[in-house]
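What's in my_file-v6.txt: compact mmCIF, C-alpha atoms and all ligand atoms
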```txt
# COMPACT_ATOMS: atom_id res chain seq x y z
CA MET A 1 51.46 111.91 94.34
CA THR A 2 51.03 115.57 93.30
CA THR A 3 51.46 116.22 89.57
CA LEU A 4 53.06 119.51 88.50
CA LEU A 5 53.27 121.02 85.04
CA ILE A 6 56.60 122.86 84.87
CA ALA A 7 55.48 125.67 82.58
CA THR A 8 58.71 127.11 81.28
CA ARG A 9 60.02 127.04 77.71
CA ASN A 10 63.59 127.35 79.01
CA ALA A 11 65.01 123.80 78.98
CA HIS A 12 67.78 124.75 81.44
CA LYS A 13 65.25 125.94 83.99
CA VAL A 14 63.23 122.73 83.55
CA GLY A 15 66.36 120.66 84.22
CA GLU A 16 67.25 122.61 87.35
CA ILE A 17 63.67 122.54 88.71
CA GLN A 18 63.40 118.77 88.15
CA ALA A 19 66.81 118.15 89.75
CA ILE A 20 65.92 120.28 92.80
CA LEU A 21 62.42 118.82 93.28
CA GLY A 22 63.73 115.26 92.98
CA THR A 23 61.19 112.47 93.16
CA SER A 24 58.71 114.07 95.56
CA PHE A 25 56.47 115.18 92.69
CA ARG A 26 55.37 113.78 89.34
CA CYS A 27 56.61 116.46 86.91
CA LEU A 28 55.34 117.06 83.38
CA THR A 29 56.72 119.67 81.01
CA LEU A 30 55.21 121.71 78.18
CA LYS A 31 56.44 118.96 75.81
CA ALA A 32 53.31 117.08 76.88
CA PHE A 33 51.18 120.08 75.81
CA PRO A 34 52.58 121.37 72.50
CA GLU A 35 49.40 123.37 71.87
CA ALA A 36 49.68 125.34 75.14
CA PRO A 37 49.34 129.10 74.56
CA ALA A 38 52.38 131.36 74.87
CA VAL A 39 51.99 133.82 77.75
CA VAL A 40 53.08 137.43 77.23
CA GLU A 41 55.34 138.53 80.11
CA ASP A 42 54.35 142.19 80.28
CA THR A 43 54.21 143.01 83.99
CA ALA A 44 56.90 145.04 85.79
CA THR A 45 57.80 142.41 88.40
CA PHE A 46 59.05 138.83 88.65
CA ALA A 47 56.03 138.03 90.84
CA GLY A 48 53.58 139.51 88.33
CA ASN A 49 55.07 137.62 85.40
CA ALA A 50 55.36 134.31 87.29
CA ALA A 51 51.75 134.56 88.49
CA LYS A 52 50.54 135.46 85.00
CA LYS A 53 52.32 132.44 83.43
CA ALA A 54 51.00 130.01 86.05
CA VAL A 55 47.44 131.33 86.16
CA GLU A 56 46.91 131.57 82.37
CA LEU A 57 48.13 128.02 81.86
CA ALA A 58 46.12 126.68 84.81
CA GLN A 59 42.99 128.32 83.35
CA TRP A 60 43.78 126.87 79.93
CA LEU A 61 44.25 123.36 81.37
CA SER A 62 41.11 123.66 83.51
CA ASP A 63 39.06 124.74 80.49
CA ARG A 64 40.16 121.59 78.63
CA GLY A 65 38.51 119.45 81.28
CA GLY A 66 39.80 116.67 83.51
CA GLN A 67 40.52 113.97 80.94
CA HIS A 68 42.67 116.30 78.80
CA SER A 69 44.77 117.73 81.60
CA ALA A 70 46.92 114.57 82.08
CA GLY A 71 46.28 114.60 85.82
CA VAL A 72 48.04 117.94 86.39
CA ASP A 73 47.19 119.28 89.86
CA PHE A 74 49.18 122.53 89.72
CA VAL A 75 50.97 124.65 87.14
CA LEU A 76 54.41 125.82 88.31
CA ALA A 77 55.94 128.86 86.57
CA ASP A 78 59.34 130.49 87.16
CA ASP A 79 60.20 134.11 86.46
CA SER A 80 63.75 135.04 87.22
CA GLY A 81 66.63 137.30 86.33
CA LEU A 82 69.73 139.17 87.37
CA GLU A 83 69.76 142.51 89.23
CA VAL A 84 73.00 144.49 89.07
CA ASP A 85 73.40 147.29 91.63
CA ALA A 86 75.63 149.48 89.44
CA LEU A 87 72.88 149.38 86.78
CA ASP A 88 70.06 150.29 89.21
CA GLY A 89 68.74 146.73 89.17
CA ALA A 90 68.95 146.11 85.40
CA PRO A 91 68.55 143.80 83.55
CA GLY A 92 65.92 142.62 86.09
CA VAL A 93 62.67 141.44 84.53
CA HIS A 94 64.23 142.09 81.10
CA SER A 95 67.10 139.64 81.67
CA ALA A 96 66.08 137.23 78.90
CA ARG A 97 65.97 139.90 76.16
CA PHE A 98 68.52 142.37 77.56
CA ALA A 99 70.62 142.62 74.39
CA ALA A 100 67.63 143.71 72.27
CA LEU A 101 65.08 145.34 74.57
CA ASP A 102 62.98 146.50 71.63
CA GLN A 103 62.39 142.88 70.51
CA ALA A 104 59.71 140.58 71.92
CA GLU A 105 61.89 137.46 71.57
CA ASN A 106 64.62 136.41 73.99
CA SER A 107 68.20 137.28 73.02
CA GLN A 108 71.11 134.85 72.84
CA ASP A 109 72.86 134.33 76.20
CA ALA A 110 76.20 135.39 74.64
CA ASP A 111 74.70 138.69 73.45
CA ASN A 112 73.15 139.41 76.86
CA ASN A 113 76.46 138.68 78.59
CA ALA A 114 78.40 140.86 76.15
CA LYS A 115 76.04 143.79 76.77
CA LEU A 116 76.33 143.37 80.53
CA LEU A 117 80.14 143.38 80.37
CA ARG A 118 80.09 146.43 78.10
CA LEU A 119 77.85 148.40 80.50
CA LEU A 120 80.04 147.44 83.46
CA ASN A 121 83.29 148.21 81.66
CA ASP A 122 84.33 151.05 84.00
CA VAL A 123 82.84 149.62 87.18
CA PRO A 124 85.46 148.43 89.71
CA ALA A 125 85.34 145.04 91.43
CA GLU A 126 83.87 146.26 94.71
CA LYS A 127 80.91 147.86 92.93
CA ARG A 128 80.02 144.85 90.73
CA THR A 129 77.52 143.45 93.22
CA GLY A 130 74.16 141.95 92.31
CA ARG A 131 71.85 139.01 92.74
CA PHE A 132 69.80 136.47 90.91
CA ARG A 133 66.13 136.56 91.84
CA CYS A 134 63.49 133.91 91.22
CA VAL A 135 59.77 133.87 91.87
CA ILE A 136 58.00 130.53 91.52
CA ALA A 137 54.21 130.72 91.09
CA LEU A 138 51.93 127.77 91.73
CA ALA A 139 48.36 127.82 90.39
CA PRO A 140 45.83 125.01 90.95
CA VAL A 141 44.18 123.27 88.01
CA ALA A 142 40.45 122.94 88.58
CA LYS A 143 39.17 119.40 88.01
CA ASP A 144 35.68 119.14 86.46
CA ARG A 145 35.18 122.85 86.99
CA VAL A 146 31.72 124.35 86.84
CA GLU A 147 32.14 127.94 85.62
CA ALA A 148 31.62 130.30 88.54
CA ALA A 149 28.88 132.89 88.14
CA SER A 150 30.94 135.71 89.66
CA PRO A 151 34.12 136.91 87.91
CA VAL A 152 35.59 137.60 91.35
CA CYS A 153 35.20 133.94 92.35
CA TYR A 154 36.63 132.88 89.00
CA ALA A 155 39.73 135.01 89.59
CA ASP A 156 40.12 133.73 93.14
CA GLU A 157 39.95 130.15 91.97
CA PHE A 158 43.15 130.66 89.98
CA ALA A 159 45.09 132.92 92.34
CA ALA A 160 48.71 131.80 92.47
CA GLU A 161 50.78 131.01 95.56
CA LEU A 162 54.21 132.70 95.30
CA PHE A 163 57.64 131.54 96.53
CA ASP A 164 60.74 133.72 96.13
CA GLY A 165 64.48 133.28 96.39
CA ALA A 166 67.60 135.40 95.89
CA CYS A 167 71.28 134.58 95.56
CA GLU A 168 73.77 137.40 96.22
CA GLY A 169 77.03 137.65 94.34
CA ARG A 170 79.12 139.73 91.94
CA ILE A 171 79.71 140.10 88.23
CA GLN A 172 83.11 139.03 86.87
CA PHE A 173 85.15 141.00 84.30
CA SER A 174 84.93 138.12 81.80
CA SER A 175 83.05 134.85 81.28
CA SER A 176 84.33 131.55 82.68
CA GLY A 177 82.97 128.00 82.78
CA GLN A 178 80.81 125.83 80.56
CA GLY A 179 77.94 124.81 82.85
CA GLY A 180 74.55 126.38 83.52
CA PHE A 181 72.92 128.95 81.24
CA GLY A 182 72.17 132.66 80.91
CA TYR A 183 74.42 134.86 83.04
CA ASP A 184 75.99 131.90 84.92
CA PRO A 185 79.48 132.37 83.33
CA LEU A 186 79.59 135.94 84.73
CA PHE A 187 78.05 135.42 88.18
CA VAL A 188 80.17 134.49 91.23
CA PRO A 189 77.99 133.72 94.28
CA ASP A 190 79.06 135.16 97.64
CA GLY A 191 81.51 132.88 99.45
CA PHE A 192 82.94 131.44 96.22
CA SER A 193 85.66 132.48 93.75
CA GLN A 194 84.30 130.65 90.70
CA SER A 195 81.27 131.42 88.53
CA PHE A 196 78.06 129.36 88.65
CA ALA A 197 79.10 127.99 85.23
CA GLU A 198 82.37 126.71 86.75
CA LEU A 199 80.87 125.49 90.03
CA GLY A 200 78.50 123.11 88.24
CA GLU A 201 74.92 122.06 88.80
CA THR A 202 75.22 120.30 92.16
CA VAL A 203 76.74 123.38 93.85
CA LYS A 204 74.45 125.80 92.00
CA ASN A 205 71.31 123.81 92.82
CA GLY A 206 72.29 123.82 96.50
CA LEU A 207 72.39 127.62 96.85
CA SER A 208 70.72 129.27 93.89
CA HIS A 209 67.78 131.69 93.85
CA ARG A 210 65.72 128.90 92.24
CA ALA A 211 66.72 126.37 94.92
CA LYS A 212 65.67 128.80 97.68
CA ALA A 213 62.28 129.49 96.07
CA LEU A 214 61.67 125.76 95.53
CA ALA A 215 62.64 124.98 99.15
CA LYS A 216 59.75 127.28 100.20
CA LEU A 217 57.42 125.51 97.77
CA LYS A 218 58.38 122.11 99.27
CA GLU A 219 57.74 123.48 102.77
CA PHE A 220 54.32 124.70 101.60
CA PHE A 221 53.38 121.23 100.38
CA GLY A 222 54.79 119.69 103.58
CA ARG A 223 52.60 122.00 105.70
CA ASN A 224 49.49 121.40 103.62
CA ARG A 225 49.83 117.62 103.61
CA THR A 226 49.73 117.34 107.41
P1 LIG A 301 60.19 131.06 80.49
O1 LIG A 301 59.58 132.45 80.55
O2 LIG A 301 59.54 130.18 79.47
O3 LIG A 301 60.25 130.42 81.84
P2 LIG A 301 62.66 132.51 79.96
O4 LIG A 301 64.08 132.08 79.72
O5 LIG A 301 62.08 133.52 79.00
O6 LIG A 301 61.73 131.19 80.00
P3 LIG A 301 62.45 134.45 82.11
O7 LIG A 301 61.53 135.34 81.37
O8 LIG A 301 62.16 134.18 83.56
O9 LIG A 301 62.54 133.00 81.43
O10 LIG A 301 63.93 135.03 81.96
C1 LIG A 301 64.93 134.49 82.72
C2 LIG A 301 66.28 135.01 82.24
O11 LIG A 301 67.05 135.41 83.37
C3 LIG A 301 67.06 133.86 81.59
O12 LIG A 301 66.83 133.81 80.19
C4 LIG A 301 68.49 134.20 81.95
O13 LIG A 301 68.98 135.17 81.07
C5 LIG A 301 68.33 134.86 83.33
N1 LIG A 301 68.42 133.83 84.41
C6 LIG A 301 67.42 133.42 85.23
N2 LIG A 301 67.85 132.46 86.06
C7 LIG A 301 69.13 132.25 85.74
C8 LIG A 301 70.11 131.36 86.23
O14 LIG A 301 69.83 130.45 87.16
N3 LIG A 301 71.33 131.42 85.68
C9 LIG A 301 71.63 132.30 84.72
N4 LIG A 301 70.76 133.16 84.19
C10 LIG A 301 69.51 133.14 84.69
```

Would you encode the structure as structure tokens?
Ligand code: ITT
Amino acid sequence: MTTLLIATRNAHKVGEIQAILGTSFRCLTLKAFPEAPAVVEDTATFAGNAAKKAVELAQWLSDRGGQHSAGVDFVLADDSGLEVDALDGAPGVHSARFAALDQAENSQDADNNAKLLRLLNDVPAEKRTGRFRCVIALAPVAKDRVEAASPVCYADEFAAELFDGACEGRIQFSSSGQGGFGYDPLFVPDGFSQSFAELGETVKNGLSHRAKALAKLKEFFGRNRT
């Protein structure tokens, strides 16, 4: 069975990824690797940040050598966020620290949601469209790696496979619901009248941006097993 390291420090994301992947993979989390380095998310795209997280951690695990990598075959990283049309795609890649863009640390969900509502104060219902986006990056962990002589080969060895997903919807005028995390209390997916936080995890995990990206990842493994 393939072993994945789910390399996110967001416990809600870990829960959703594990629930969506089910039992088809053996999943470890960063709890098994407390000394894993923090990766700086400084690229301009979800794909760039997801690939950077997966590749840096796969390199780190590979450098530790086979017996210290707990059998991890691939590192899986998720970069995601909310794009709001009336805000030209913001908060986008800055979704986690939207309330305090000058800080390196993530902001509280409540502060991010309050800022979003404030910026959309004068925007009417029909213009409050947007989407969640997710890019999942998968990077292989090299077992018993012999350092490649060429830096090009070294880079290729850790290139990440990318899987993306989007979920269209609209932003409510106020928060509702207790489930989920992040912007879920404000986001109503197309075809529904309740927020992700009200709809609950089973509905969300059936149609979310993350579910769509992970469906592509499962297809990828299905194709490569045959
Ligand atoms: P890692 O980098 O460790 O994975 P993070 O929370 O910092 O954790 P991101 O940089 O990808 O992750 O930021 C994602 C932010 O986008 C997250 O903090 C939420 O604010 C928002 N977000 C992403 N997916 C979401 C979802 O399914 N529901 C609600 N908000 C979501």

Exercise. How would you write, as a PyMOL selection string, the set of residues no farther than 6 Å from ligand LIG 301 (chain A) when counting only C-alpha atoms and all ligand atoms?
Worked result: chain A and resi 8-10+78-81+95-96+181-184

Seminar exercise, completed: From atom CA of Phe46 of chain A to atom CA of Cys134 of chain A the spacing works out at 7.1 Å

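Closest to Ile171 of chain A among A:Val84, A:Ala90, A:Ile136, A:Ala114 is A:Val84, based on only C-alpha atoms.
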
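Straight-line separation from atom CA of Arg223 of chain A to atom CA of Ala166 of chain A: 22.4 Å.
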
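Shortest atom-to-atom contact with Ser69 of chain A among A:Ala125, A:Leu28, A:Ala160, A:Leu138: A:Leu28, counting all atoms listed in the file.
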